[in-house]
Amino acid sequence: MRSRYVERMKVFWPLYVMAIPGMIFLLIFKYIPLLGSMIAFKDYSVFKGFIDSPWVGLKHFEKLFHYPDFVRVFSNTLILGFLKIVLVFPIPILLALMMNEVRKSALKKGVQTALYIPHFLSWVIVSGIVFDIFSLSGLFNIVLGWFGHDPILAMQDSAYFRPVYVLTAIWRDAGWGTVVYMAAISGIDPQLYESAMMDGASRFKQIRHITFPLLLPTVLVLFLLEIGNFLDLGFDQVFNLLTPMTYSVGDILDTYVYRTGIQQAQYSFATAVGLFQSVIGFVLVYIFNRMSKKISDGGLW
């Protein structure tokens, strides 16, 4: 058995060498920092360090659960996470199926490029564009004026925050999310489509009975990866879209941790909240992984 692995290493050594930088990256930035999670159970002091800081047990978790606005912050996180899964996650799938039906190569590449570009804009730039669009003199209020409506300060109105959150997430990341799906679709055997055409199947039936079923395993894997970040909504997006008037619907665990854990240097408390999010994410991934095995005999493990 050992000689077999040695032979494989001799044959595929270039691939192993290529994997080394990625493994080093994961080790340094993903696995080693896990040791720092212990400060969630300590009163961490930068002067005493990780080892000598006193243990306090579940003190910081109790502080989180007894925080007066915990219910509001946690419910906002759940609502935005649910909206992201239900409304944002399916869009790249639909876009990939639609782009796959475009037969003109030049048009297809142009559409793909137009959809990919927003992903390379930072959330600072995106939020600046959004605030300009919804300003009193912005495009949104100009269109409202055409229909005789008074101007609205949408970004200062809590009723508009969640729709804006969803729309900006779709506009920026949906196109980039099609990359994996398009790669999976390109791997489907063309003979399946030829056989379906000979049987008289329309394009819609080909999508329904060939493309989507073969794309489903990829969808389930990416869904499991997304559900693991259910409570990790992305600090950049929410923080840059928030205003003092929209805290009631937009303040989430990440922004709360930034205010209390980072700005006030409560590092142990910030770590406790992050650990809480990770545990919830792991439980959700485990549950949905079990469900995906029953649906498609596949999953992350």
# chains A, B, ... in the order shown; residues from 1 in each chain; ligands from 1
$ residues_around --residues "Gly234 of chain A" --least-positions-apart "2" --cutoff "12 Å" --atoms "only C-alpha atoms" --output "number ranges by chain"
A: 77, 80-81, 84, 123, 165, 169, 226, 229-232, 236-241, 252-255
$ select_by_dssp --residues "segment 2-242 of chain A" --states "alpha helix (DSSP H)" --output "MDAnalysis selection string"
chainID A and resid 2:26 49:52 59:65 70:83 90:100 105:116 123:133 139:146 158:186 190:198 203:206 212:227 235:241
$ closest_atom_pairs --of "segment 153-227 of chain A" --to "segment 104-115 of chain A" --cutoff "9 Å" --atoms "only C-alpha atoms" --output "JSON lines"
{"residue": "A:Trp171", "atom": "CA", "partner": "A:Leu115", "partner_atom": "CA", "distance": 8.0}
{"residue": "A:Arg172", "atom": "CA", "partner": "A:Leu115", "partner_atom": "CA", "distance": 8.2}
{"residue": "A:Asp173", "atom": "CA", "partner": "A:Leu115", "partner_atom": "CA", "distance": 8.5}
{"residue": "A:Ala174", "atom": "CA", "partner": "A:Leu115", "partner_atom": "CA", "distance": 7.5}
{"residue": "A:Gly175", "atom": "CA", "partner": "A:Leu115", "partner_atom": "CA", "distance": 4.4}
{"residue": "A:Trp176", "atom": "CA", "partner": "A:Leu115", "partner_atom": "CA", "distance": 7.0}
{"residue": "A:Thr178", "atom": "CA", "partner": "A:Gln112", "partner_atom": "CA", "distance": 8.8}
$ atom_distance --atom1 "atom CA of Ile185 of chain A" --atom2 "atom CA of Gln206 of chain A"
12.3 Å
